[in-house]
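*Asks:* Just passing along the structure, written as structure tokens.
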Amino acid sequence: MKSRPALRDTLIAVVALAVILVIPAFHRSPAFEDYIIRLSAMALFATSLNLLVGSTGMVSFGHGMFYGLGAYSFALTMQLTDLSLPVAAILAVLLTVVAAFLVGAVCVRLGSDYFAFVTLAMQMLFFSVIISWQSLTGGDQGLRGGIPRREIFGFDLSSQLHLYQFSAIVAVLGLLALRHVSASPFGATLRMIRDNETRAAFLGVVLWRARLIAFVIAGGFAGLGGVLAALFVSGAYPELADWPNSGQAIFAVMLGGIESFLGPLVGAMILLALNDVVTRTTEYYGLVLGIVILAFALGLRRGVLDYLRRWWAQGRTGRAR
Amino acid sequence: MRTRGIGRRSILGGTAGLLAAPWVARAQAKTLRIGMQSIFSGPIALVGTSSRAGVQMEVERINSAGGLLGRQIEIVYRDSKGQPQEAARVARELVNSAGCELLLDAEASSGAFAVQEVVRDLGVACIHCNSETSSLTADPKIRVPTAFRVARQGVHDAIAGSAYLAEFANANKITKWATCSPDYAYGRDTTAQYLQFFKKFKSDIEVVTEAWPKLGQPDLTEVITKLIQAKPQALFTLLYAGDLSAFVNQGNVYALFSQMKVACPNFDYPVLTTIKNLPAGIQAATRYIETFPDTAANKAWGESYRKKYNEFPTNWSWENSLAVQFMEAAVKKANSTDGKAVAAALVGMKVNSPFGVDGTITMRDDHTTIGYAIGWGQTVPQPPYITSVKPADWGKILELETEWKKQQHYI
Amino acid sequence: MDLDALGHCLATAACVVTQTTSGLIVGMLLFLVAAGLTLIFGVLKVVNFAHGTFYMLGGYVAFTTLAVTSSYTLAVLAAAAAMALFGVLFERLLIARVYGSNVLMQLLICYAVVLIFDDVVKIVWGPDFHAMGMPPAFQVPPLFIAGGVVPPFYAVLIGIAAVIALALGLGLAMTRLGKTVRAAAINAPMVGVLGINTTLLFAVVFAVGGALAGLAGALAAPVRSLSPGMGFSILIESFIVTVIGGMGSIAGALVAALVVGLLRGFGTIGFPNFTDGMIYAAMILILVFRPQGLFGRRTA
């Protein structure tokens, strides 16, 4: 497969962004805008996870740790200092990058099952630190009192419309950057490691280093997603860093498709919509979600986008014949 | 008049109708929609189901009497699953998309703080019905102009409980105490608060050991043996619900209750009725109990609840019932559902209520209720479960609360 | 940190006896659940994240059986039998369909089962917690040994768990079935080629795992609270035990369960707020420096 021109990806991103930004001019729907804000956070979270799961074959059970860390460090910086919002956001992402480096340095050499377990254990440790370090984090009650949303570049982020625009821009830029990583020679190296690590090693790839770099990049973008999540709830809560949240991201990745770059985005869209509709109609959300997961895992057996792409490819070869 | 069934059927039916046809909703624009959010799924779904029951009873009463401002009330329920970020989303959805003019927030504390920030942004009138964390309304930085609490407030219970336990300790010559509370914000803050006031009432107490089991920790054996080892004269515990029930059952195995006095403010009906061998003589506060306040009105409310739902009311049930009563009175007085107008009406409002010590409960100007029933008594294994209940002295509560607020720099 | 208290405790016989037995009790119940988990992983390489659900359902089945028959023995047997059956169904209908595929698929299926049965329990038994209560035969005062307290019910519990540990250990070492299971753990396709019905073998392994978890649920029910979602904390703890002991090793699970139990027993005295943190940290250290666990074999 030839690496696709960056120009085309940029064009798609620009068009998508333009559409999203134009919608409120025609129709204001607070529910839709909230949906896009949450989707922005979750899309970054899930797509960054897929850089590990899909591109590199590293199944991390603890990705929520970086999402939560991004949210907490951003919210705390905003509450405790007078730094401007972009500076706080960049600091938060940097902190997550450092954390991902430290965690990654410990885990990336492990075999795949043990890698999954140790990331899960790290996340549990991180979660228990959030809960115990009450004086800083507010413990299980989360950070209270709201995030002061200082105006930036004319964006007033306590206004829903502005937060919508801001989140969409950040998410699209973030996804574009991730796309760039995965389409780059480095991305090709990661896929080679996934498919045959022995061969990659023979070709001179330092396996642990490539994995560590991927892990750090993924952690950083999850942290960026966490910043958006913190802005949406105007605070930070331990649930953001808990295992069910990591599970959500894993499911979004699987549901959308691990072989397609936009798969996790599609998965996140479906999952969020499902959540919103189902919790409105029944208190047995778990039952419904469980059945959906089973139907998906036993029926489709691969992500929606992967499935569509195969179907499309088959259809084309069929027609050609 | 529509009669709503209990529980899931009504929530299904009600919301199915809501999804089915937005235009139907428009045709009934006269209906007054009130959003209610809580935890309806997961291990602590009882919070949601019993809160909803409390709300339903009042709404049926109002609707059959002609509604509020001449409009029938329709409650729109949403499940936050106990996650704060979901609580925030759901609150916005209720107001922004579901067309709710008022909010009843029946979330646990962390959810309530998330809802609080949404209310700050949206300016809708909101009543928190379940969060007991004092700072929600006491801290002026966290308080919101249109959000109120109709529920117990932690610091009130702490003062009342400490005063009662100090007297109890004096009468029984108890100085050596142990504490055992869940290891998270509620357990830690509230234990500290009780101890602070306790020492004020009785300076010679000594805490010989502390245990901090995790929330939902299934096996408390090592905690129980640790407590017995320390040989305290009395134990104070803030465990609740399933954890409290497990503690009593596992404590019974070690005969803990014959080796020390035990005091706990969290014995409500679900715990009292579930435990098979409830030891007698535990010092217990009344979260909600039909026999305190010992009035006809309270008994009637409890009985009609039991008859309707075939289960005992919880502490959340009365808090949510009362919240609807306050909302009803405030909307009537303001003759509007506008956030600012309702808020103005609520401040200082007094309603007649079976749950008040003197038959009334007041919404104070710092957005929290006072005058509700707080009493302490002792357990017995059969109904009424808690006997010889002594009412708390609200004069003393208010005096010490003011002192506490100054100390926290809230005033 | 309260190391003085810990030192003081270790210096008194009563405290040591009591906290040790507490640790054993906690550990033995943990072992029953973890044994099934480790057995299933050892043979099938499936991390059964639905194992906590087996435990929960076992507790509820016992609760209802006791209410109907008033016999605790029956309740325990019914729970074990029901969960053996449940284990087989779970394996045949769901897990068997994704053998050999992505680990994530197995994880998702387990996750789905957890979600579904938490809600099923809520529908059948209600959202509120339940307490089974102590069976009358055990409503007796505790024994005092060397100044330490030992309740008879727990003495019986430890006995049952010890018998099961022994039976499992000997069964795996001595019997033909046990040898087949061990062989399958090393190379399942080869065992199949040798003419052994691996389909049946896998189902049996899940039945045993399920029965053990159901048994643990029933044995714990008299003293613990039953509530939807109660399986989760058990799953996490037994998962930790399995990892520390070595995925697939019964002996490892036993030792690790006792270590975790004792850590809890003495941790609550010495470092009550960091017991969990200690356990997680131990797990991370083991995974990093000895990924196969204390007793595990190093396999690919």
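By order of appearance in the structure tokens: chains A, B, ..., then residues from 1 within every chain, and ligands from 1 in the order shown.
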With only C-alpha atoms counted and 10 Å as the cut-off, give the residues of chain B in contact with chain C, each with its shortest interatomic distance in Å and the pair that gives it, as a Markdown table.
*Replies:*
```
| residue | atom | partner | partner_atom | distance |
| --- | --- | --- | --- | --- |
| B:Arg8 | CA | C:Ile123 | CA | 9.9 |
| B:Phe40 | CA | C:Pro127 | CA | 8.8 |
| B:Ser41 | CA | C:Pro127 | CA | 8.0 |
| B:Gly42 | CA | C:Gly229 | CA | 6.6 |
| B:Pro43 | CA | C:Pro228 | CA | 5.1 |
| B:Ile44 | CA | C:Pro127 | CA | 7.2 |
| B:Ala45 | CA | C:Pro127 | CA | 5.7 |
| B:Leu46 | CA | C:Asp128 | CA | 5.7 |
| B:Val47 | CA | C:Asp128 | CA | 9.3 |
| B:Gly48 | CA | C:Pro127 | CA | 9.8 |
| B:Thr49 | CA | C:Pro127 | CA | 8.4 |
| B:Asp183 | CA | C:Asn273 | CA | 7.6 |
| B:Thr209 | CA | C:Ile269 | CA | 9.0 |
| B:Glu210 | CA | C:Pro272 | CA | 8.7 |
| B:Ala211 | CA | C:Pro272 | CA | 6.9 |
| B:Trp212 | CA | C:Pro272 | CA | 6.4 |
| B:Pro213 | CA | C:Pro272 | CA | 8.1 |
| B:Lys214 | CA | C:Asp276 | CA | 8.9 |
| B:Gly216 | CA | C:Ser233 | CA | 7.8 |
| B:Gln217 | CA | C:Ser233 | CA | 7.3 |
| B:Pro218 | CA | C:Arg224 | CA | 6.1 |
| B:Asp219 | CA | C:Arg224 | CA | 6.8 |
| B:Leu220 | CA | C:Arg224 | CA | 8.7 |
| B:Thr221 | CA | C:Ser22 | CA | 5.7 |
| B:Glu222 | CA | C:Gly265 | CA | 5.0 |
| B:Val223 | CA | C:Thr268 | CA | 6.7 |
| B:Ile224 | CA | C:Ser22 | CA | 9.0 |
| B:Thr225 | CA | C:Thr18 | CA | 6.4 |
| B:Lys226 | CA | C:Ile269 | CA | 7.0 |
| B:Leu227 | CA | C:Ile269 | CA | 9.7 |
| B:Ile228 | CA | C:Val149 | CA | 9.1 |
| B:Gln229 | CA | C:Cys15 | CA | 6.5 |
| B:Ala230 | CA | C:Cys15 | CA | 9.3 |
| B:Ala241 | CA | C:Phe129 | CA | 7.7 |
| B:Gly242 | CA | C:Ser225 | CA | 5.5 |
| B:Asp243 | CA | C:Ser225 | CA | 7.0 |
| B:Leu244 | CA | C:Ser225 | CA | 8.9 |
| B:Ser245 | CA | C:Ser225 | CA | 6.6 |
| B:Ala246 | CA | C:Arg224 | CA | 4.8 |
| B:Phe247 | CA | C:Arg224 | CA | 8.0 |
| B:Val248 | CA | C:Val223 | CA | 8.5 |
| B:Asn249 | CA | C:Val223 | CA | 5.2 |
| B:Gln250 | CA | C:Val223 | CA | 5.2 |
| B:Gly251 | CA | C:Val223 | CA | 8.9 |
| B:Asn252 | CA | C:Gln139 | CA | 8.7 |
| B:Val253 | CA | C:Pro151 | CA | 6.1 |
| B:Tyr254 | CA | C:Pro142 | CA | 5.9 |
| B:Ala255 | CA | C:Pro141 | CA | 6.6 |
| B:Pro270 | CA | C:Asp128 | CA | 7.9 |
| B:Val271 | CA | C:Phe129 | CA | 8.7 |
| B:Thr273 | CA | C:His130 | CA | 9.8 |
| B:Thr274 | CA | C:Ala131 | CA | 6.0 |
| B:Ile275 | CA | C:Ala131 | CA | 6.0 |
| B:Lys276 | CA | C:Gly133 | CA | 5.3 |
| B:Asn277 | CA | C:Gly133 | CA | 7.1 |
| B:Leu278 | CA | C:Gly133 | CA | 9.9 |
```
*Asks:* Could you pull out the residues in region 229-258 of chain C that DSSP calls helix (DSSP H, G or I) from the backbone, as a PyMOL selection string?
*Replies:* chain C and resi 231-245+250-258
*Asks:* For the residues in that selection, give me N, CA, C and O atoms as a CSV table (one decimal), in the first residue's frame.
*Replies:*
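And here's selection-v5.csv as it stands now:
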```
chain,number,residue,atom,x,y,z
C,231,GLY,N,-19.6,-9.0,42.0
C,231,GLY,CA,-18.5,-9.8,41.5
C,231,GLY,C,-17.2,-9.1,41.1
C,231,GLY,O,-16.2,-9.6,41.0
C,232,PHE,N,-17.4,-7.8,40.9
C,232,PHE,CA,-16.3,-7.0,40.3
C,232,PHE,C,-15.1,-7.0,41.2
C,232,PHE,O,-13.9,-7.3,40.8
C,233,SER,N,-15.3,-6.6,42.5
C,233,SER,CA,-14.1,-6.5,43.4
C,233,SER,C,-13.5,-7.9,43.6
C,233,SER,O,-12.3,-8.0,43.8
C,234,ILE,N,-14.3,-8.9,43.6
C,234,ILE,CA,-13.8,-10.3,43.7
C,234,ILE,C,-12.9,-10.6,42.5
C,234,ILE,O,-11.8,-11.2,42.6
C,235,LEU,N,-13.4,-10.2,41.3
C,235,LEU,CA,-12.7,-10.5,40.1
C,235,LEU,C,-11.3,-9.8,40.2
C,235,LEU,O,-10.3,-10.5,39.9
C,236,ILE,N,-11.3,-8.6,40.5
C,236,ILE,CA,-10.0,-7.9,40.6
C,236,ILE,C,-9.0,-8.5,41.6
C,236,ILE,O,-7.9,-8.8,41.2
C,237,GLU,N,-9.6,-8.8,42.8
C,237,GLU,CA,-8.7,-9.5,43.7
C,237,GLU,C,-8.2,-10.8,43.3
C,237,GLU,O,-7.0,-11.1,43.4
C,238,SER,N,-9.0,-11.6,42.7
C,238,SER,CA,-8.6,-13.0,42.3
C,238,SER,C,-7.7,-12.9,41.1
C,238,SER,O,-6.8,-13.7,40.9
C,239,PHE,N,-7.9,-11.8,40.3
C,239,PHE,CA,-7.0,-11.6,39.1
C,239,PHE,C,-5.6,-11.3,39.6
C,239,PHE,O,-4.6,-11.8,39.1
C,240,ILE,N,-5.6,-10.4,40.6
C,240,ILE,CA,-4.3,-10.1,41.2
C,240,ILE,C,-3.6,-11.3,41.7
C,240,ILE,O,-2.4,-11.6,41.5
C,241,VAL,N,-4.3,-12.1,42.5
C,241,VAL,CA,-3.8,-13.4,43.0
C,241,VAL,C,-3.3,-14.3,41.9
C,241,VAL,O,-2.2,-14.8,42.0
C,242,THR,N,-4.0,-14.4,40.8
C,242,THR,CA,-3.6,-15.3,39.7
C,242,THR,C,-2.3,-14.8,39.1
C,242,THR,O,-1.4,-15.5,38.8
C,243,VAL,N,-2.2,-13.5,38.9
C,243,VAL,CA,-1.0,-12.9,38.3
C,243,VAL,C,0.2,-13.1,39.2
C,243,VAL,O,1.2,-13.5,38.8
C,244,ILE,N,0.0,-12.8,40.5
C,244,ILE,CA,1.1,-12.9,41.4
C,244,ILE,C,1.6,-14.4,41.5
C,244,ILE,O,2.8,-14.7,41.5
C,245,GLY,N,0.6,-15.3,41.6
C,245,GLY,CA,0.9,-16.7,41.7
C,245,GLY,C,1.5,-17.3,40.5
C,245,GLY,O,2.2,-18.3,40.5
C,250,ILE,N,-2.0,-23.7,40.1
C,250,ILE,CA,-2.9,-23.8,41.2
C,250,ILE,C,-2.1,-23.5,42.5
C,250,ILE,O,-2.6,-22.8,43.4
C,251,ALA,N,-0.9,-24.1,42.7
C,251,ALA,CA,-0.1,-23.9,43.9
C,251,ALA,C,0.2,-22.4,44.0
C,251,ALA,O,0.1,-21.8,45.1
C,252,GLY,N,0.5,-21.8,42.9
C,252,GLY,CA,0.8,-20.3,42.9
C,252,GLY,C,-0.4,-19.6,43.4
C,252,GLY,O,-0.3,-18.7,44.2
C,253,ALA,N,-1.6,-19.9,42.9
C,253,ALA,CA,-2.8,-19.2,43.3
C,253,ALA,C,-3.0,-19.4,44.8
C,253,ALA,O,-3.4,-18.4,45.5
C,254,LEU,N,-2.7,-20.6,45.4
C,254,LEU,CA,-2.9,-20.8,46.8
C,254,LEU,C,-2.0,-19.9,47.6
C,254,LEU,O,-2.4,-19.2,48.5
C,255,VAL,N,-0.7,-20.0,47.2
C,255,VAL,CA,0.3,-19.2,48.0
C,255,VAL,C,0.0,-17.7,47.8
C,255,VAL,O,0.0,-17.0,48.8
C,256,ALA,N,-0.3,-17.2,46.6
C,256,ALA,CA,-0.5,-15.8,46.4
C,256,ALA,C,-1.8,-15.4,47.2
C,256,ALA,O,-1.8,-14.3,47.8
C,257,ALA,N,-2.8,-16.2,47.2
C,257,ALA,CA,-4.1,-15.9,47.9
C,257,ALA,C,-3.8,-15.7,49.4
C,257,ALA,O,-4.2,-14.8,50.0
C,258,LEU,N,-2.9,-16.6,49.9
C,258,LEU,CA,-2.6,-16.5,51.3
C,258,LEU,C,-1.8,-15.3,51.6
C,258,LEU,O,-1.9,-14.6,52.6
```
*Asks:* So how many Å separate CA of Ile40 (chain C) and CA of Gly87 (chain C), to one decimal?
*Replies:*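 Pair CA of Ile40 (chain C) / CA of Gly87 (chain C) returns 10.6 Å.
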*Asks:* With a distance threshold of 7 Å and counting only C-alpha atoms, extract the residues of chain A near chain B and express them as a VMD selection string.
*Replies:* chain A and resid 30 to 31 131 139 to 142 144 to 146 233 to 234 237 239 279 to 284
*Asks:* What's around Ser249 (chain C) at 12 Å? Count only C-alpha atoms, leave out sequence neighbours fewer than 5 positions away in its own chain, and write the answer as a PyMOL selection string.
*Replies:* chain C and resi 31+34-43+165+168-169+172+182+185+241-244+254-257+292-298
*Asks:* Next, write the just-selected residues to a file, as a compact mmCIF listing (two decimals), in the first residue's frame, keeping N, CA, C and O atoms as the atom set.
*Replies:*
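And here is the file that came out, out-v8.txt:
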```txt
# COMPACT_ATOMS: atom_id res chain seq x y z
N PHE C 31 -8.80 -17.81 47.20
CA PHE C 31 -8.21 -18.93 46.48
C PHE C 31 -9.28 -19.69 45.68
O PHE C 31 -9.04 -20.08 44.54
N ALA C 34 -9.95 -17.73 42.64
CA ALA C 34 -8.75 -17.61 41.81
C ALA C 34 -8.36 -18.95 41.20
O ALA C 34 -7.82 -19.00 40.09
N ALA C 35 -8.63 -20.05 41.90
CA ALA C 35 -8.26 -21.37 41.40
C ALA C 35 -8.93 -21.62 40.05
O ALA C 35 -8.30 -22.09 39.10
N GLY C 36 -10.22 -21.31 39.97
CA GLY C 36 -10.94 -21.50 38.72
C GLY C 36 -10.37 -20.63 37.61
O GLY C 36 -10.18 -21.06 36.47
N LEU C 37 -10.07 -19.40 37.99
CA LEU C 37 -9.54 -18.43 37.02
C LEU C 37 -8.22 -18.92 36.44
O LEU C 37 -7.99 -18.90 35.23
N THR C 38 -7.36 -19.40 37.32
CA THR C 38 -6.02 -19.81 36.90
C THR C 38 -6.08 -21.12 36.11
O THR C 38 -5.36 -21.33 35.16
N LEU C 39 -7.00 -22.00 36.51
CA LEU C 39 -7.18 -23.27 35.80
C LEU C 39 -7.61 -22.99 34.35
O LEU C 39 -7.06 -23.56 33.40
N ILE C 40 -8.59 -22.13 34.21
CA ILE C 40 -9.10 -21.81 32.88
C ILE C 40 -8.02 -21.16 32.03
O ILE C 40 -7.82 -21.51 30.87
N PHE C 41 -7.27 -20.26 32.64
CA PHE C 41 -6.21 -19.62 31.86
C PHE C 41 -5.13 -20.62 31.49
O PHE C 41 -4.65 -20.65 30.36
N GLY C 42 -4.79 -21.48 32.45
CA GLY C 42 -3.72 -22.44 32.21
C GLY C 42 -4.02 -23.32 31.02
O GLY C 42 -3.15 -23.56 30.18
N VAL C 43 -5.26 -23.82 30.92
CA VAL C 43 -5.59 -24.75 29.86
C VAL C 43 -5.99 -24.03 28.57
O VAL C 43 -5.57 -24.40 27.48
N ALA C 165 -8.31 -27.41 47.81
CA ALA C 165 -6.97 -27.15 47.30
C ALA C 165 -6.22 -28.46 47.14
O ALA C 165 -5.57 -28.71 46.11
N LEU C 168 -7.72 -30.58 44.31
CA LEU C 168 -7.33 -30.05 43.00
C LEU C 168 -5.88 -30.41 42.69
O LEU C 168 -5.56 -30.87 41.59
N GLY C 169 -5.03 -30.19 43.70
CA GLY C 169 -3.61 -30.46 43.52
C GLY C 169 -3.38 -31.92 43.19
O GLY C 169 -2.72 -32.26 42.20
N LEU C 172 -4.94 -33.02 39.81
CA LEU C 172 -4.15 -32.63 38.65
C LEU C 172 -2.90 -33.49 38.52
O LEU C 172 -2.47 -33.85 37.43
N ARG C 182 -3.22 -31.10 32.32
CA ARG C 182 -1.89 -30.48 32.35
C ARG C 182 -1.24 -30.53 30.97
O ARG C 182 -0.58 -29.60 30.54
N ALA C 185 -2.69 -27.91 28.83
CA ALA C 185 -2.18 -26.59 29.18
C ALA C 185 -0.90 -26.30 28.41
O ALA C 185 -0.61 -25.16 28.06
N VAL C 241 -4.35 -12.14 42.46
CA VAL C 241 -3.80 -13.37 43.03
C VAL C 241 -3.26 -14.26 41.91
O VAL C 241 -2.16 -14.81 42.01
N THR C 242 -4.03 -14.38 40.84
CA THR C 242 -3.63 -15.25 39.74
C THR C 242 -2.34 -14.76 39.10
O THR C 242 -1.45 -15.54 38.79
N VAL C 243 -2.25 -13.46 38.92
CA VAL C 243 -1.05 -12.90 38.30
C VAL C 243 0.17 -13.08 39.20
O VAL C 243 1.23 -13.52 38.75
N ILE C 244 0.00 -12.79 40.49
CA ILE C 244 1.13 -12.91 41.40
C ILE C 244 1.58 -14.37 41.49
O ILE C 244 2.76 -14.69 41.46
N LEU C 254 -2.75 -20.57 45.36
CA LEU C 254 -2.93 -20.79 46.79
C LEU C 254 -1.97 -19.91 47.59
O LEU C 254 -2.37 -19.19 48.50
N VAL C 255 -0.69 -19.97 47.22
CA VAL C 255 0.30 -19.18 47.96
C VAL C 255 0.00 -17.69 47.85
O VAL C 255 -0.02 -16.97 48.84
N ALA C 256 -0.29 -17.24 46.61
CA ALA C 256 -0.54 -15.81 46.42
C ALA C 256 -1.79 -15.37 47.17
O ALA C 256 -1.82 -14.28 47.76
N ALA C 257 -2.83 -16.22 47.19
CA ALA C 257 -4.05 -15.86 47.91
C ALA C 257 -3.76 -15.69 49.39
O ALA C 257 -4.23 -14.75 50.03
N GLN C 292 6.08 -14.42 34.65
CA GLN C 292 5.38 -15.69 34.77
C GLN C 292 4.85 -15.91 36.19
O GLN C 292 4.25 -16.94 36.47
N GLY C 293 5.07 -14.94 37.10
CA GLY C 293 4.55 -15.06 38.45
C GLY C 293 5.44 -15.92 39.32
O GLY C 293 6.46 -16.44 38.88
N LEU C 294 5.05 -16.06 40.59
CA LEU C 294 5.89 -16.77 41.54
C LEU C 294 6.10 -18.23 41.12
O LEU C 294 7.18 -18.78 41.21
N PHE C 295 5.01 -18.87 40.66
CA PHE C 295 5.07 -20.30 40.41
C PHE C 295 4.86 -20.67 38.94
O PHE C 295 4.77 -21.83 38.60
N GLY C 296 4.72 -19.67 38.09
CA GLY C 296 4.34 -19.98 36.71
C GLY C 296 5.52 -20.50 35.90
O GLY C 296 6.68 -20.29 36.25
N ARG C 297 5.19 -21.21 34.83
CA ARG C 297 6.23 -21.60 33.88
C ARG C 297 6.38 -20.46 32.90
O ARG C 297 5.44 -19.79 32.55
N ARG C 298 7.60 -20.30 32.43
CA ARG C 298 7.78 -19.27 31.40
C ARG C 298 7.44 -19.88 30.05
O ARG C 298 8.09 -20.82 29.61
```
*Asks:* At a cut-off of 7 Å, which residues of chain A touch chain C? Count only C-alpha atoms and give the answer as a VMD selection string.
*Replies:* chain A and resid 114 118 121 125 128 284 286 to 287 290 to 291 293 to 294 297
*Asks:* Pick out the residues sitting within 12 Å of region 100-103 of chain A, and hand them over as a VMD selection string; count only C-alpha atoms, and ignore anything fewer than 5 positions along from it in its own chain.
*Replies:* (chain A and resid 60 62 to 67 69 to 70 93 to 95 108 to 109 115 118 to 123 125 to 126 208 to 209 211 to 223) or (chain C and resid 284 288)
*Asks:* Find the residues around region 201-205 of chain A up to 10 Å (only C-alpha atoms counted), leave out those fewer than 4 positions away in its own chain, and share them as a ChimeraX atom specification.
*Replies:* /A:189-190,192-193,196-197,209-210
*Asks:* Could you write those residues out with N, CA, C and O atoms, as a PDB file, in the first residue's frame?
*Replies:*
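Result went into out.pdb, see below:
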```
ATOM      1  N   THR A 189       6.651   1.368  10.212  1.00  0.00           N
ATOM      2  CA  THR A 189       7.492   0.553  11.087  1.00  0.00           C
ATOM      3  C   THR A 189       6.641  -0.140  12.150  1.00  0.00           C
ATOM      4  O   THR A 189       6.816  -1.327  12.427  1.00  0.00           O
ATOM      5  N   LEU A 190       5.708   0.636  12.738  1.00  0.00           N
ATOM      6  CA  LEU A 190       4.861   0.063  13.791  1.00  0.00           C
ATOM      7  C   LEU A 190       4.062  -1.117  13.238  1.00  0.00           C
ATOM      8  O   LEU A 190       3.949  -2.157  13.880  1.00  0.00           O
ATOM      9  N   MET A 192       4.834  -2.987  10.829  1.00  0.00           N
ATOM     10  CA  MET A 192       5.737  -4.104  10.575  1.00  0.00           C
ATOM     11  C   MET A 192       5.994  -4.862  11.883  1.00  0.00           C
ATOM     12  O   MET A 192       6.002  -6.095  11.913  1.00  0.00           O
ATOM     13  N   ILE A 193       6.164  -4.119  12.967  1.00  0.00           N
ATOM     14  CA  ILE A 193       6.375  -4.763  14.269  1.00  0.00           C
ATOM     15  C   ILE A 193       5.160  -5.619  14.614  1.00  0.00           C
ATOM     16  O   ILE A 193       5.275  -6.748  15.079  1.00  0.00           O
ATOM     17  N   ASN A 196       5.194  -8.783  12.223  1.00  0.00           N
ATOM     18  CA  ASN A 196       6.292  -9.728  12.383  1.00  0.00           C
ATOM     19  C   ASN A 196       7.444  -9.037  13.084  1.00  0.00           C
ATOM     20  O   ASN A 196       8.289  -8.402  12.447  1.00  0.00           O
ATOM     21  N   GLU A 197       7.486  -9.186  14.396  1.00  0.00           N
ATOM     22  CA  GLU A 197       8.477  -8.398  15.126  1.00  0.00           C
ATOM     23  C   GLU A 197       9.890  -8.938  14.919  1.00  0.00           C
ATOM     24  O   GLU A 197      10.854  -8.180  14.938  1.00  0.00           O
ATOM     25  N   ARG A 209      12.167   0.676  21.434  1.00  0.00           N
ATOM     26  CA  ARG A 209      12.165   2.120  21.246  1.00  0.00           C
ATOM     27  C   ARG A 209      10.956   2.557  20.413  1.00  0.00           C
ATOM     28  O   ARG A 209      10.260   3.501  20.736  1.00  0.00           O
ATOM     29  N   ALA A 210      10.706   1.814  19.333  1.00  0.00           N
ATOM     30  CA  ALA A 210       9.561   2.162  18.492  1.00  0.00           C
ATOM     31  C   ALA A 210       8.262   2.039  19.293  1.00  0.00           C
ATOM     32  O   ALA A 210       7.380   2.906  19.220  1.00  0.00           O
TER      33      ALA A 210
END
```
*Asks:* Quick one: pick out all strand (DSSP E or B) residues within region 14-228 of chain C from a backbone DSSP run and write them as a ChimeraX atom specification.
*Replies:* /C:130-131,143-145,148-150,225-226
*Asks:* In terms of the shortest atom-to-atom distance over only C-alpha atoms, which of A:Gly226, A:Pro244, A:Pro185, A:Gly257 is closest to Val53 (chain A)?
*Replies:*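 Distance minimum relative to Val53 (chain A) lands on A:Gly257.
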*Asks:* Quick one, how far is CA of Phe292 (chain B) from CA of Phe257 (chain B)?
*Replies:*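 Distance reported for this atom pair: 25.1 Å.
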*Asks:* Quick one: pull the distance between CA of Asn310 (chain B) and CA of Pro384 (chain B), Å, one decimal.
*Replies:*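 Straight-line distance from CA of Asn310 (chain B) to CA of Pro384 (chain B) works out to 16.8 Å.
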*Asks:* Would you pick out the contacts of Glu290 (chain B) at 9 Å or less, using only C-alpha atoms, so that residues sharing its chain but fewer than 6 positions from it are not included, and give the list as a PyMOL selection string?
*Replies:* chain B and resi 298-303+313+384
*Asks:* Contacts of Leu308 (chain A) at 12 Å or less, counting only C-alpha atoms, minus same-chain residues fewer than 6 places along, as a list in words?
*Replies:*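 Near neighbours after the sequence-gap exclusion: Gly256, Gly257, Glu259, Ser260, Gly263, Val266, Leu300, Arg302, Gln314 and Gly315 of chain A.
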*Asks:* I need the chosen residues saved as a compact mmCIF listing (two decimals), in the first residue's frame, with N, CA and C atoms.
*Replies:*
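Saved as result11.txt:
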```
# COMPACT_ATOMS: atom_id res chain seq x y z
N GLY A 256 -15.63 0.11 15.96
CA GLY A 256 -15.44 0.88 14.74
C GLY A 256 -14.55 0.17 13.74
N GLY A 257 -13.53 -0.50 14.26
CA GLY A 257 -12.62 -1.20 13.35
C GLY A 257 -11.19 -0.83 13.62
N GLU A 259 -8.60 -1.77 11.89
CA GLU A 259 -7.75 -1.66 10.71
C GLU A 259 -7.95 -0.34 9.97
N SER A 260 -8.99 0.39 10.33
CA SER A 260 -9.26 1.64 9.64
C SER A 260 -8.91 2.80 10.56
N GLY A 263 -11.89 4.16 12.14
CA GLY A 263 -12.69 3.18 12.87
C GLY A 263 -13.04 3.60 14.29
N VAL A 266 -15.67 6.23 14.40
CA VAL A 266 -17.00 5.67 14.14
C VAL A 266 -17.50 4.92 15.37
N LEU A 300 -20.70 -9.78 13.71
CA LEU A 300 -19.83 -9.07 12.76
C LEU A 300 -18.40 -9.58 12.83
N ARG A 302 -15.82 -8.21 13.35
CA ARG A 302 -14.80 -7.16 13.15
C ARG A 302 -15.52 -5.81 13.17
N GLN A 314 -14.88 -6.60 -1.73
CA GLN A 314 -15.44 -7.81 -2.34
C GLN A 314 -16.39 -7.44 -3.47
N GLY A 315 -17.24 -6.46 -3.20
CA GLY A 315 -18.20 -6.03 -4.20
C GLY A 315 -17.50 -5.59 -5.48
```
